[in-house]
file work_32.tsv (TSV, C-alpha atoms and all ligand atoms)
chain	number	residue	atom	x	y	z
R	1	MET	CA	77.56	84.37	82.94
R	2	ASP	CA	80.03	84.94	85.80
R	3	LYS	CA	80.40	88.46	87.08
R	4	ILE	CA	82.16	90.74	84.55
R	5	ASP	CA	84.28	93.30	86.37
R	6	PHE	CA	84.66	96.81	85.06
R	7	ASN	CA	88.44	96.44	85.06
R	8	VAL	CA	90.97	93.66	85.58
R	9	PRO	CA	94.59	94.87	85.94
R	10	PRO	CA	96.68	93.82	82.93
R	11	TYR	CA	98.93	90.80	83.48
R	12	THR	CA	100.87	89.09	80.71
R	13	GLY	CA	102.67	86.32	82.60
R	14	LYS	CA	106.24	87.61	82.55
R	15	GLU	CA	105.81	90.20	85.30
R	16	MET	CA	106.80	87.90	88.18
R	17	ASP	CA	109.98	86.76	86.39
R	18	TYR	CA	111.01	90.34	85.87
R	19	ILE	CA	110.26	91.33	89.46
R	20	LYS	CA	112.34	88.35	90.60
R	21	GLN	CA	115.13	89.50	88.30
R	22	ALA	CA	115.05	92.97	89.90
R	23	VAL	CA	115.22	91.35	93.35
R	24	ASP	CA	118.06	89.00	92.32
R	25	ASP	CA	119.99	91.97	90.91
R	26	LYS	CA	119.79	93.52	94.41
R	27	LYS	CA	118.52	96.75	92.90
R	28	ILE	CA	114.94	97.44	93.88
R	29	CYS	CA	115.02	101.20	94.49
R	30	GLY	CA	114.45	103.79	91.79
R	31	ASP	CA	116.25	104.11	88.46
R	32	GLY	CA	117.36	100.48	88.21
R	33	SER	CA	117.64	98.58	84.94
R	34	PHE	CA	113.89	98.09	84.45
R	35	THR	CA	113.13	101.77	85.01
R	36	LYS	CA	115.77	102.63	82.41
R	37	ALA	CA	114.36	100.06	79.99
R	38	CYS	CA	110.85	101.53	80.40
R	39	ASN	CA	112.12	105.10	79.89
R	40	GLN	CA	113.96	104.09	76.75
R	41	TRP	CA	111.01	102.11	75.41
R	42	ILE	CA	108.70	105.11	75.83
R	43	GLU	CA	111.26	107.49	74.29
R	44	GLU	CA	111.60	105.27	71.23
R	45	LYS	CA	107.90	104.56	70.89
R	46	THR	CA	106.71	108.16	71.26
R	47	GLY	CA	109.71	110.02	69.85
R	48	THR	CA	109.94	112.28	72.91
R	49	LYS	CA	113.31	113.73	73.89
R	50	LYS	CA	113.18	112.34	77.42
R	51	CYS	CA	110.92	110.11	79.51
R	52	LEU	CA	111.21	109.67	83.26
R	53	LEU	CA	109.13	107.07	85.05
R	54	THR	CA	107.31	108.48	88.08
R	55	THR	CA	105.29	107.20	91.02
R	56	SER	CA	102.02	108.26	89.34
R	57	CYS	CA	100.56	110.45	86.62
R	58	THR	CA	99.50	112.79	89.41
R	59	HIS	CA	103.17	113.13	90.39
R	60	ALA	CA	104.26	113.55	86.77
R	61	THR	CA	101.80	116.46	86.55
R	62	GLU	CA	103.13	117.88	89.83
R	63	MET	CA	106.62	117.75	88.32
R	64	ALA	CA	105.33	119.58	85.25
R	65	ALA	CA	103.77	122.26	87.46
R	66	LEU	CA	107.10	122.69	89.30
R	67	LEU	CA	109.07	122.80	86.04
R	68	ALA	CA	106.67	125.38	84.62
R	69	ASP	CA	107.23	127.38	87.83
R	70	ILE	CA	103.51	127.66	88.57
R	71	LYS	CA	102.95	130.03	91.47
R	72	ALA	CA	100.16	131.44	93.64
R	73	GLY	CA	97.85	133.63	91.59
R	74	ASP	CA	98.64	131.92	88.26
R	75	GLU	CA	95.78	130.56	86.19
R	76	VAL	CA	95.75	127.24	84.40
R	77	ILE	CA	93.15	126.40	81.74
R	78	MET	CA	91.75	122.87	81.72
R	79	PRO	CA	88.49	120.99	81.24
R	80	SER	CA	86.20	120.44	84.21
R	81	TYR	CA	85.38	117.00	82.86
R	82	THR	CA	88.54	115.25	84.06
R	83	PHE	CA	90.10	113.37	86.94
R	84	VAL	CA	91.03	115.41	90.02
R	85	SER	CA	94.79	115.06	89.44
R	86	THR	CA	94.68	117.37	86.42
R	87	ALA	CA	93.72	120.23	88.73
R	88	ASP	CA	95.41	119.04	91.97
R	89	ALA	CA	98.93	119.39	90.60
R	90	PHE	CA	98.45	123.08	89.83
R	91	VAL	CA	96.17	124.02	92.72
R	92	LEU	CA	98.85	122.59	95.04
R	93	ARG	CA	101.15	125.36	93.79
R	94	GLY	CA	98.51	127.98	94.54
R	95	ALA	CA	97.17	128.36	91.02
R	96	THR	CA	93.52	128.77	90.07
R	97	ALA	CA	91.98	126.15	87.81
R	98	VAL	CA	90.06	127.86	85.01
R	99	PHE	CA	87.65	125.36	83.55
R	100	VAL	CA	86.32	125.50	80.00
R	101	ASP	CA	83.55	123.44	78.45
R	102	ILE	CA	84.05	120.22	76.52
R	103	ARG	CA	83.04	119.17	73.01
R	104	PRO	CA	80.14	116.76	73.22
R	105	ASP	CA	81.57	114.53	70.47
R	106	THR	CA	84.96	113.58	71.97
R	107	MET	CA	84.40	114.81	75.56
R	108	ASN	CA	87.69	116.72	75.18
R	109	MET	CA	88.21	120.37	76.07
R	110	ASP	CA	86.66	122.54	73.35
R	111	GLU	CA	89.69	124.14	71.71
R	112	THR	CA	87.57	127.01	70.35
R	113	LEU	CA	86.82	128.16	73.92
R	114	VAL	CA	90.38	128.20	75.21
R	115	GLU	CA	91.63	131.54	73.92
R	116	ASP	CA	88.73	133.46	75.43
R	117	ALA	CA	89.73	132.12	78.88
R	118	VAL	CA	93.29	133.47	78.61
R	119	THR	CA	94.08	136.41	80.93
R	120	ASP	CA	97.38	138.07	81.84
R	121	ARG	CA	97.61	135.59	84.74
R	122	THR	CA	97.34	132.50	82.57
R	123	LYS	CA	100.45	130.32	82.69
R	124	ALA	CA	99.46	127.01	81.16
R	125	ILE	CA	96.90	125.04	79.18
R	126	VAL	CA	96.25	121.45	80.22
R	127	PRO	CA	94.45	119.40	77.58
R	128	VAL	CA	93.21	115.99	78.70
R	129	HIS	CA	93.11	113.32	76.00
R	130	TYR	CA	89.94	111.62	77.16
R	131	ALA	CA	89.67	107.90	76.36
R	132	GLY	CA	92.98	108.11	74.49
R	133	VAL	CA	91.43	110.30	71.80
R	134	GLY	CA	93.58	113.32	71.00
R	135	CYS	CA	92.52	116.91	71.69
R	136	GLU	CA	92.85	119.33	68.78
R	137	MET	CA	96.54	119.92	69.41
R	138	ASP	CA	97.23	122.10	66.35
R	139	GLU	CA	94.82	124.75	67.62
R	140	ILE	CA	95.86	124.40	71.26
R	141	MET	CA	99.59	124.72	70.46
R	142	GLU	CA	98.85	127.74	68.30
R	143	ILE	CA	97.02	129.52	71.16
R	144	ALA	CA	99.84	128.62	73.58
R	145	LYS	CA	102.40	130.07	71.18
R	146	ARG	CA	100.43	133.30	70.70
R	147	HIS	CA	100.20	133.89	74.46
R	148	ASP	CA	103.50	132.31	75.52
R	149	LEU	CA	101.90	129.60	77.67
R	150	PHE	CA	103.07	126.16	78.75
R	151	VAL	CA	101.15	123.16	77.49
R	152	VAL	CA	101.03	120.20	79.88
R	153	GLU	CA	99.22	117.25	78.34
R	154	ASP	CA	97.30	115.02	80.69
R	155	ALA	CA	97.87	111.92	78.57
R	156	ALA	CA	97.08	109.60	81.49
R	157	GLN	CA	94.89	107.54	79.14
R	158	GLY	CA	96.89	108.26	76.01
R	159	ILE	CA	99.79	105.84	75.61
R	160	MET	CA	99.93	104.25	72.11
R	161	ALA	CA	97.52	106.87	70.75
R	162	SER	CA	98.30	109.69	68.35
R	163	TYR	CA	97.05	112.92	66.78
R	164	LYS	CA	97.95	113.40	63.10
R	165	GLY	CA	100.49	110.62	63.45
R	166	LYS	CA	102.31	112.13	66.45
R	167	ALA	CA	102.15	110.43	69.86
R	168	LEU	CA	99.92	111.99	72.51
R	169	GLY	CA	102.05	113.44	75.30
R	170	THR	CA	104.72	114.76	72.92
R	171	PHE	CA	103.13	118.06	71.81
R	172	GLY	CA	103.37	120.18	74.96
R	173	GLU	CA	106.47	121.02	76.98
R	174	PHE	CA	105.40	118.15	79.22
R	175	GLY	CA	103.20	115.09	78.77
R	176	CYS	CA	102.00	112.85	81.58
R	177	PHE	CA	101.17	109.13	81.34
R	178	SER	CA	99.51	106.96	83.97
R	179	PHE	CA	100.28	103.31	84.70
R	180	HIS	CA	97.61	102.94	87.37
R	181	GLU	CA	95.97	99.51	87.36
R	182	THR	CA	92.98	100.87	85.41
R	183	LYS	CA	95.13	102.02	82.48
R	184	ASN	CA	96.15	100.08	79.35
R	185	PHE	CA	99.58	99.21	80.79
R	186	SER	CA	100.15	99.14	84.51
R	187	MET	CA	102.70	98.97	87.31
R	188	GLY	CA	100.09	99.12	90.11
R	189	GLU	CA	100.64	102.79	90.78
R	190	GLY	CA	102.94	104.71	88.47
R	191	GLY	CA	103.32	107.11	85.61
R	192	ALA	CA	105.80	108.97	83.45
R	193	ILE	CA	106.67	112.49	82.46
R	194	LEU	CA	107.60	113.15	78.83
R	195	ILE	CA	109.86	116.12	78.24
R	196	ARG	CA	109.91	117.69	74.78
R	197	ASP	CA	112.72	120.17	75.22
R	198	GLU	CA	116.23	119.26	76.34
R	199	LYS	CA	116.51	122.38	78.47
R	200	TYR	CA	114.16	120.95	81.13
R	201	ILE	CA	115.82	117.55	81.53
R	202	GLU	CA	118.38	118.46	84.18
R	203	ASP	CA	115.84	120.32	86.34
R	204	ALA	CA	113.39	117.45	85.96
R	205	GLU	CA	115.97	114.90	87.13
R	206	ILE	CA	116.77	117.08	90.14
R	207	ILE	CA	113.13	117.68	91.14
R	208	ARG	CA	112.43	113.95	90.83
R	209	GLU	CA	115.41	113.05	93.07
R	210	LYS	CA	114.57	115.11	96.18
R	211	GLY	CA	116.19	118.21	94.72
R	212	THR	CA	119.60	116.54	94.29
R	213	ASP	CA	121.84	115.83	91.31
R	214	ARG	CA	121.99	112.13	92.20
R	215	SER	CA	121.11	111.19	88.59
R	216	LYS	CA	124.35	112.87	87.45
R	217	TYR	CA	126.27	111.16	90.26
R	218	TYR	CA	124.98	107.75	89.11
R	219	ARG	CA	126.19	108.54	85.62
R	220	GLY	CA	129.62	109.46	86.99
R	221	GLN	CA	129.28	113.09	85.92
R	222	VAL	CA	129.87	114.49	89.44
R	223	ASP	CA	131.85	112.90	92.30
R	224	LYS	CA	129.24	113.58	94.97
R	225	TYR	CA	125.64	114.61	94.84
R	226	ARG	CA	124.27	117.64	96.65
R	227	TRP	CA	121.05	119.49	97.32
R	228	GLN	CA	120.51	121.69	94.24
R	229	ASN	CA	116.88	122.80	94.27
R	230	TYR	CA	113.50	122.04	95.83
R	231	GLY	CA	112.22	118.63	94.89
R	232	SER	CA	110.43	115.54	96.03
R	233	SER	CA	110.63	111.79	95.64
R	234	TYR	CA	108.97	110.96	92.37
R	235	LEU	CA	110.86	107.81	91.32
R	236	PRO	CA	109.14	104.45	91.49
R	237	SER	CA	110.70	101.24	92.76
R	238	ASP	CA	112.36	99.11	90.08
R	239	MET	CA	110.05	96.24	91.09
R	240	ASN	CA	107.10	98.25	89.83
R	241	ALA	CA	109.01	99.13	86.67
R	242	ALA	CA	109.69	95.41	86.16
R	243	TYR	CA	105.96	94.73	86.20
R	244	LEU	CA	105.40	97.49	83.65
R	245	TYR	CA	108.22	96.41	81.36
R	246	ALA	CA	106.61	93.01	80.81
R	247	GLN	CA	103.61	94.85	79.40
R	248	LEU	CA	105.50	97.37	77.31
R	249	GLU	CA	107.18	94.42	75.59
R	250	LEU	CA	103.71	93.21	74.59
R	251	ALA	CA	102.28	96.67	73.97
R	252	ASP	CA	101.11	95.94	70.42
R	253	GLU	CA	99.46	92.70	71.43
R	254	ILE	CA	97.67	94.29	74.42
R	255	THR	CA	96.51	97.24	72.33
R	256	GLN	CA	95.28	94.97	69.54
R	257	ALA	CA	93.32	92.81	72.01
R	258	ARG	CA	91.62	95.92	73.43
R	259	MET	CA	90.99	97.27	69.95
R	260	ASP	CA	89.30	94.00	68.91
R	261	ARG	CA	86.91	94.21	71.86
R	262	TRP	CA	86.31	97.94	71.26
R	263	ASN	CA	85.43	97.31	67.59
R	264	GLN	CA	83.21	94.42	68.60
R	265	TYR	CA	81.27	96.60	71.06
R	266	HIS	CA	80.95	99.26	68.37
R	267	GLU	CA	79.66	96.87	65.74
R	268	LEU	CA	77.18	95.17	68.07
R	269	LEU	CA	75.79	98.45	69.45
R	270	LEU	CA	75.72	100.36	66.18
R	271	PRO	CA	72.10	99.38	65.38
R	272	LEU	CA	70.98	100.93	68.70
R	273	ALA	CA	72.87	104.11	67.84
R	274	GLU	CA	71.39	104.17	64.34
R	275	ALA	CA	67.94	103.81	65.87
R	276	GLY	CA	68.67	106.91	67.96
R	277	LYS	CA	68.56	105.08	71.31
R	278	ILE	CA	72.17	105.66	72.36
R	279	GLU	CA	75.30	107.47	71.21
R	280	LEU	CA	78.66	105.84	70.65
R	281	PRO	CA	82.20	107.27	70.95
R	282	PHE	CA	83.42	109.47	68.11
R	283	ILE	CA	86.99	109.17	66.86
R	284	PRO	CA	88.08	112.06	64.58
R	285	ALA	CA	89.68	110.79	61.35
R	286	HIS	CA	93.06	112.31	62.24
R	287	CYS	CA	93.19	110.57	65.65
R	288	THR	CA	94.39	107.05	66.35
R	289	HIS	CA	93.04	105.91	69.69
R	290	ASN	CA	94.19	103.07	71.93
R	291	ALA	CA	90.90	101.47	72.97
R	292	HIS	CA	91.41	102.73	76.49
R	293	MET	CA	87.70	103.01	77.07
R	294	PHE	CA	84.38	102.03	75.57
R	295	TYR	CA	81.41	104.12	76.58
R	296	LEU	CA	77.90	104.82	75.43
R	297	LYS	CA	75.63	107.74	76.11
R	298	THR	CA	72.04	107.36	77.23
R	299	LYS	CA	69.26	109.93	76.81
R	300	ASP	CA	69.77	111.42	80.27
R	301	LEU	CA	70.84	110.74	83.86
R	302	GLU	CA	67.61	108.94	84.74
R	303	GLU	CA	68.00	106.51	81.85
R	304	ARG	CA	71.66	105.97	82.68
R	305	SER	CA	70.79	105.08	86.28
R	306	ARG	CA	68.25	102.53	85.07
R	307	LEU	CA	70.68	101.00	82.55
R	308	ASP	CA	73.41	100.89	85.19
R	309	ALA	CA	71.11	99.05	87.62
R	310	PHE	CA	69.89	96.72	84.86
R	311	LEU	CA	73.44	95.72	83.88
R	312	LYS	CA	74.44	95.17	87.51
R	313	GLU	CA	71.49	92.83	87.86
R	314	LYS	CA	72.94	90.92	84.91
R	315	ASN	CA	76.31	90.59	86.66
R	316	ILE	CA	78.00	93.31	84.60
R	317	LEU	CA	79.82	96.15	86.32
R	318	PRO	CA	79.74	99.36	84.27
R	319	ALA	CA	81.12	102.67	85.54
R	320	SER	CA	80.21	106.29	85.15
R	321	HIS	CA	82.79	109.04	84.97
R	322	TYR	CA	83.85	112.31	86.50
R	323	VAL	CA	81.62	114.46	88.56
R	324	PRO	CA	82.66	117.75	86.90
R	325	LEU	CA	85.39	119.40	88.96
R	326	HIS	CA	83.80	122.85	88.96
R	327	SER	CA	80.78	121.53	90.86
R	328	ALA	CA	82.83	119.59	93.46
R	329	PRO	CA	83.73	121.23	96.81
R	330	ALA	CA	87.42	121.70	95.94
R	331	GLY	CA	86.58	122.91	92.45
R	332	ILE	CA	84.41	125.66	93.92
R	333	LYS	CA	87.25	126.60	96.27
R	334	PHE	CA	90.16	126.42	93.82
R	335	GLY	CA	88.64	127.03	90.43
R	336	ARG	CA	86.11	128.79	88.29
R	337	PHE	CA	84.24	127.94	85.15
R	338	HIS	CA	84.87	130.29	82.25
R	339	GLY	CA	81.90	130.64	79.92
R	340	GLU	CA	78.83	128.48	79.86
R	341	ASP	CA	78.60	124.86	81.04
R	342	LYS	CA	76.71	123.73	77.99
R	343	TYR	CA	78.00	120.16	77.79
R	344	THR	CA	80.26	119.31	80.73
R	345	THR	CA	77.50	118.45	83.21
R	346	LYS	CA	74.92	117.27	80.72
R	347	GLU	CA	77.21	114.91	78.81
R	348	SER	CA	78.91	113.55	81.96
R	349	GLU	CA	75.50	112.53	83.29
R	350	ARG	CA	74.72	110.55	80.13
R	351	LEU	CA	77.98	108.64	79.86
R	352	LEU	CA	78.31	105.02	80.93
R	353	ARG	CA	81.55	103.06	80.55
R	354	LEU	CA	81.36	99.37	79.76
R	355	PRO	CA	83.90	96.79	80.97
R	356	MET	CA	87.15	97.09	79.04
R	357	PHE	CA	90.40	95.34	79.86
R	358	TYR	CA	93.15	93.25	78.24
R	359	LYS	CA	91.68	89.81	78.95
R	360	LEU	CA	88.05	90.69	78.30
R	361	THR	CA	86.70	87.96	75.99
R	362	ALA	CA	84.63	88.15	72.82
R	363	ASP	CA	81.92	86.10	74.56
R	364	GLU	CA	81.77	88.59	77.39
R	365	VAL	CA	81.42	91.55	75.02
R	366	GLU	CA	78.70	89.69	73.14
R	367	TYR	CA	76.85	89.07	76.40
R	368	ILE	CA	77.21	92.69	77.54
R	369	ALA	CA	76.01	94.08	74.19
R	370	ALA	CA	73.05	91.68	74.25
R	371	GLN	CA	72.06	92.96	77.70
R	372	VAL	CA	72.28	96.59	76.58
R	373	LYS	CA	70.04	95.71	73.64
R	374	ALA	CA	67.63	93.88	75.95
R	375	PHE	CA	67.36	97.00	78.11
R	376	TYR	CA	66.29	99.09	75.11
R	377	GLN	CA	63.72	96.61	73.88
X	401	LIG	C1	94.19	108.00	85.73
X	401	LIG	C2	94.20	109.44	85.46
X	401	LIG	C3	95.00	110.33	86.18
X	401	LIG	C4	95.78	109.93	87.40
X	401	LIG	O1	96.70	108.93	87.21
X	401	LIG	P1	97.49	108.36	88.47
X	401	LIG	O2	98.60	107.57	87.83
X	401	LIG	O3	96.52	107.49	89.22
X	401	LIG	O4	97.98	109.48	89.26
X	401	LIG	C5	95.03	111.66	85.79
X	401	LIG	N1	94.29	112.11	84.78
X	401	LIG	C6	93.50	111.30	84.07
X	401	LIG	C7	92.71	111.86	82.92
X	401	LIG	C8	93.41	109.94	84.38
X	401	LIG	O5	92.60	109.15	83.69
call {"tool": "encode", "arguments": {"input": "work_32.tsv", "output": "structure tokens", "more": "lines below"}}
Ligand SMILES: *Cc1c(COP(=O)(O)O)cnc(C)c1O
result
Amino acid sequence: MDKIDFNVPPYTGKEMDYIKQAVDDKKICGDGSFTKACNQWIEEKTGTKKCLLTTSCTHATEMAALLADIKAGDEVIMPSYTFVSTADAFVLRGATAVFVDIRPDTMNMDETLVEDAVTDRTKAIVPVHYAGVGCEMDEIMEIAKRHDLFVVEDAAQGIMASYKGKALGTFGEFGCFSFHETKNFSMGEGGAILIRDEKYIEDAEIIREKGTDRSKYYRGQVDKYRWQNYGSSYLPSDMNAAYLYAQLELADEITQARMDRWNQYHELLLPLAEAGKIELPFIPAHCTHNAHMFYLKTKDLEERSRLDAFLKEKNILPASHYVPLHSAPAGIKFGRFHGEDKYTTKESERLLRLPMFYKLTADEVEYIAAQVKAFYQ
């Protein structure tokens, strides 16, 4: 078997035509026709009030932190088991990241631990929908309401997934998607911010356009644009949006292909799980996931290292995930763990992600599953 990469960026075939179209239209900067088409597609698909494409999910989260007016001394509650961007966006504004433990079943922030971490400095809760499996949003939204907190969803992995029938990224004031090349749909580097409430749209457009009302100017609502507020440059090139649009058009097909491989992994590895050798991902009945990721859990770190080395020898490239933020140098500097780290470190050390991408074949999954089984024999 040829080498099986951990990830291959999604490519459907139409991307180059669309990029050429953007170039031929002589509109390659931000907010061209492809950016607008992507925004509209996401608004229709998720039912959010407003979507704005951004240069990354990290930047979408930075926008959310600016819109929520996060300031020095504020506290923001989030899991420690997440990508650095979840914390970066808030720490950059001078806030402290307050980490709470995860649930071992979904690897999501444990919603029953959130309220205890709330202080009079808390400004926001940031649930991360790990592997495109929804956090317990009913409980999280309830806590936010009780304490008047913002909810910013890190839905980087969550497009096309839902919780109780509602799209991930549409519960909180702001939701953030990623279109990095490792995500289900990609534009190389890119993301989007979803805005639930109309009242934030104008400020969001201004922050995204260097603090100006250029978006209004483009729509003919003002005759010149001026500096209105602080801001940055968070709009992606329309060439990148063109690449993404080709994939959004085939979103169902891409998701189905991933789901087929995910189900195949699950079926082939289930006997090992039933024999108590490994654990497989858990999807709560009220969550629809998007096959963003397939992982298994070994007994412990030592076993994971051996399985990782074994698979690499067989030309398969698995990946582990997140060194918990609270134990990383910046996490120690900018954050603190509230309560006990019962699962964050332990579960992160057991988790191994198997190759998962749009064009992964059934033969490849069969081969990978066979090698995992061989390891446990
Ligand atoms: C990928 C990812 C991000 C960052 O996305 P970028 O688009 O690369 O900025 C943030 N959070 C999570 C959970 C992610 O998986």
call {"tool": "closest_atom_pairs", "arguments": {"input": "work_32.tsv", "of": "chain R", "to": "ligand LIG 401 (chain X)", "cutoff": "9 Å", "atoms": "only C-alpha atoms and all ligand atoms", "output": "tab-separated table"}}
result
residue	atom	partner	partner_atom	distance
R:Thr54	CA	X:LIG401	O2	8.8
R:Thr55	CA	X:LIG401	O2	7.4
R:Ser56	CA	X:LIG401	O2	3.8
R:Cys57	CA	X:LIG401	O2	3.7
R:Thr58	CA	X:LIG401	O4	3.6
R:His59	CA	X:LIG401	O4	6.4
R:Ala60	CA	X:LIG401	O4	7.9
R:Thr61	CA	X:LIG401	C5	8.3
R:Tyr81	CA	X:LIG401	C7	9.0
R:Thr82	CA	X:LIG401	C7	5.5
R:Phe83	CA	X:LIG401	N1	4.9
R:Val84	CA	X:LIG401	C5	6.9
R:Ser85	CA	X:LIG401	C5	5.0
R:Thr86	CA	X:LIG401	N1	5.5
R:Val128	CA	X:LIG401	C7	5.9
R:His129	CA	X:LIG401	C7	7.1
R:Tyr130	CA	X:LIG401	C7	6.4
R:Ala131	CA	X:LIG401	O5	8.0
R:Asp154	CA	X:LIG401	N1	5.9
R:Ala155	CA	X:LIG401	C7	6.7
R:Ala156	CA	X:LIG401	C8	4.7
R:Gln157	CA	X:LIG401	O5	5.3
R:Gly158	CA	X:LIG401	O5	8.8
R:Cys176	CA	X:LIG401	C5	8.2
R:Phe177	CA	X:LIG401	O2	7.2
R:Ser178	CA	X:LIG401	O2	4.0
R:Phe179	CA	X:LIG401	O2	5.5
R:His180	CA	X:LIG401	O2	4.8
R:Glu181	CA	X:LIG401	O3	8.2
R:Thr182	CA	X:LIG401	C1	7.2
R:Lys183	CA	X:LIG401	C1	6.9
R:Gly188	CA	X:LIG401	O2	8.9
R:Glu189	CA	X:LIG401	O2	6.0
R:Gly190	CA	X:LIG401	O2	5.2
R:Gly191	CA	X:LIG401	O2	5.2
R:Ala192	CA	X:LIG401	O2	8.5
call {"tool": "residues_around", "arguments": {"input": "work_32.tsv", "residues": "Asp31 in chain R", "least_positions_apart": "5", "cutoff": "9 Å", "atoms": "all atoms listed in the file", "output": "list in words"}}
result
Lys36, Leu53, Ser215, Leu235, Pro236, Ser237, Asp238 and Ala241 of chain R
call {"tool": "closest_atom_pairs", "arguments": {"input": "work_32.tsv", "of": "range 106-222 of chain R", "to": "range 334-358 of chain R", "cutoff": "12 Å", "atoms": "all atoms listed in the file", "output": "Markdown table"}}
result
| residue | atom | partner | partner_atom | distance |
| --- | --- | --- | --- | --- |
| R:Thr106 | CA | R:Glu347 | CA | 10.4 |
| R:Met107 | CA | R:Glu347 | CA | 7.9 |
| R:Asn108 | CA | R:Thr344 | CA | 9.6 |
| R:Met109 | CA | R:Thr344 | CA | 9.3 |
| R:Asp110 | CA | R:Tyr343 | CA | 10.0 |
| R:Thr112 | CA | R:Gly339 | CA | 11.7 |
| R:Leu113 | CA | R:Gly339 | CA | 8.1 |
| R:Val114 | CA | R:His338 | CA | 9.2 |
| R:Glu115 | CA | R:His338 | CA | 10.8 |
| R:Asp116 | CA | R:His338 | CA | 8.5 |
| R:Ala117 | CA | R:His338 | CA | 6.2 |
| R:Val118 | CA | R:His338 | CA | 9.7 |
| R:Thr119 | CA | R:His338 | CA | 11.1 |
| R:Ala131 | CA | R:Arg353 | CA | 10.3 |
| R:Glu181 | CA | R:Phe357 | CA | 10.2 |
| R:Thr182 | CA | R:Phe357 | CA | 8.2 |
| R:Lys183 | CA | R:Phe357 | CA | 8.6 |
| R:Asn184 | CA | R:Phe357 | CA | 7.5 |
| R:Phe185 | CA | R:Tyr358 | CA | 9.1 |
| R:Ser186 | CA | R:Tyr358 | CA | 11.1 |
call {"tool": "residues_around", "arguments": {"input": "work_32.tsv", "residues": "Leu360 in chain R", "least_positions_apart": "6", "cutoff": "10 Å", "atoms": "all atoms listed in the file", "output": "list in words"}}
result
Ile4, Asp5, Phe6, Asn7, Val8, Ala257, Arg258 and Arg261 of chain R
call {"tool": "closest_residue", "arguments": {"input": "work_32.tsv", "among": "R:Gly211, R:Gly220, R:Pro104, R:Gly175", "to": "Phe282 in chain R", "atoms": "all atoms listed in the file"}}
result
R:Pro104
call {"tool": "atom_distance", "arguments": {"input": "work_32.tsv", "atom1": "CA of Ala246 in chain R", "atom2": "CA of Ala362 in chain R"}}
result
23.9 Å
call {"tool": "closest_residue", "arguments": {"input": "work_32.tsv", "among": "R:Ala370, R:Met16, R:Met293, R:Leu52", "to": "Ile195 in chain R", "atoms": "all atoms listed in the file"}}
result
R:Leu52
call {"tool": "atom_distance", "arguments": {"input": "work_32.tsv", "atom1": "CA of Lys373 in chain R", "atom2": "CA of Ala319 in chain R"}}
result
17.7 Å
call {"tool": "closest_residue", "arguments": {"input": "work_32.tsv", "among": "R:Arg196, R:Arg103, R:Lys71, R:Lys26", "to": "Thr48 in chain R", "atoms": "all atoms listed in the file"}}
result
R:Arg196
call {"tool": "atom_distance", "arguments": {"input": "work_32.tsv", "atom1": "CA of Met259 in chain R", "atom2": "CA of Arg306 in chain R"}}
result
27.8 Å
call {"tool": "closest_residue", "arguments": {"input": "work_32.tsv", "among": "R:Asp308, R:Ala251, R:Glu274, R:Val133", "to": "Phe294 in chain R", "atoms": "all atoms listed in the file"}}
result
R:Val133
call {"tool": "closest_residue", "arguments": {"input": "work_32.tsv", "among": "R:His147, R:His321, R:Arg214, R:Lys123", "to": "Ala97 in chain R", "atoms": "only C-alpha atoms"}}
result
R:Lys123
call {"tool": "residues_around", "arguments": {"input": "work_32.tsv", "residues": "Glu202 in chain R", "least_positions_apart": "4", "cutoff": "9 Å", "atoms": "all atoms listed in the file", "output": "list in words"}}
result
Glu198, Ile206, Ile207, Asp213, Ser215 and Lys216 of chain R
call {"tool": "closest_residue", "arguments": {"input": "work_32.tsv", "among": "R:Glu136, R:Glu267, R:Glu44, R:Glu62", "to": "Arg208 in chain R", "atoms": "all atoms listed in the file"}}
result
R:Glu62
call {"tool": "residues_around", "arguments": {"input": "work_32.tsv", "residues": "Val152 in chain R", "least_positions_apart": "5", "cutoff": "10 Å", "atoms": "all atoms listed in the file", "output": "list in words"}}
result
Thr61, Ala64, Ala65, Ala68, Val76, Met78, Thr86, Ala124, Ile125, Val126, Pro127, Val128, Gly169, Thr170, Phe171, Gly172, Glu173, Phe174, Gly175, Cys176, Ile193, Leu194 and Ile195 of chain R
call {"tool": "decode", "arguments": {"input": "work_32.tsv", "residues": "range 273-290 of chain R", "atoms": "C-alpha atoms", "output": "CSV table (one decimal), in the first residue's frame"}}
result
chain,number,residue,atom,x,y,z
R,273,ALA,CA,-13.9,-1.9,21.1
R,274,GLU,CA,-16.2,-4.6,22.1
R,275,ALA,CA,-13.3,-6.7,23.3
R,276,GLY,CA,-12.2,-3.8,25.5
R,277,LYS,CA,-9.0,-3.1,23.6
R,278,ILE,CA,-9.8,0.4,22.3
R,279,GLU,CA,-12.5,3.1,22.6
R,280,LEU,CA,-14.3,4.6,19.7
R,281,PRO,CA,-15.9,8.1,19.3
R,282,PHE,CA,-19.2,8.6,21.0
R,283,ILE,CA,-21.9,10.6,19.2
R,284,PRO,CA,-24.9,11.7,21.5
R,285,ALA,CA,-28.2,10.8,19.9
R,286,HIS,CA,-29.2,14.5,19.6
R,287,CYS,CA,-26.1,15.4,17.7
R,288,THR,CA,-25.5,15.1,14.0
R,289,HIS,CA,-21.8,15.1,13.2
R,290,ASN,CA,-20.0,15.8,10.0
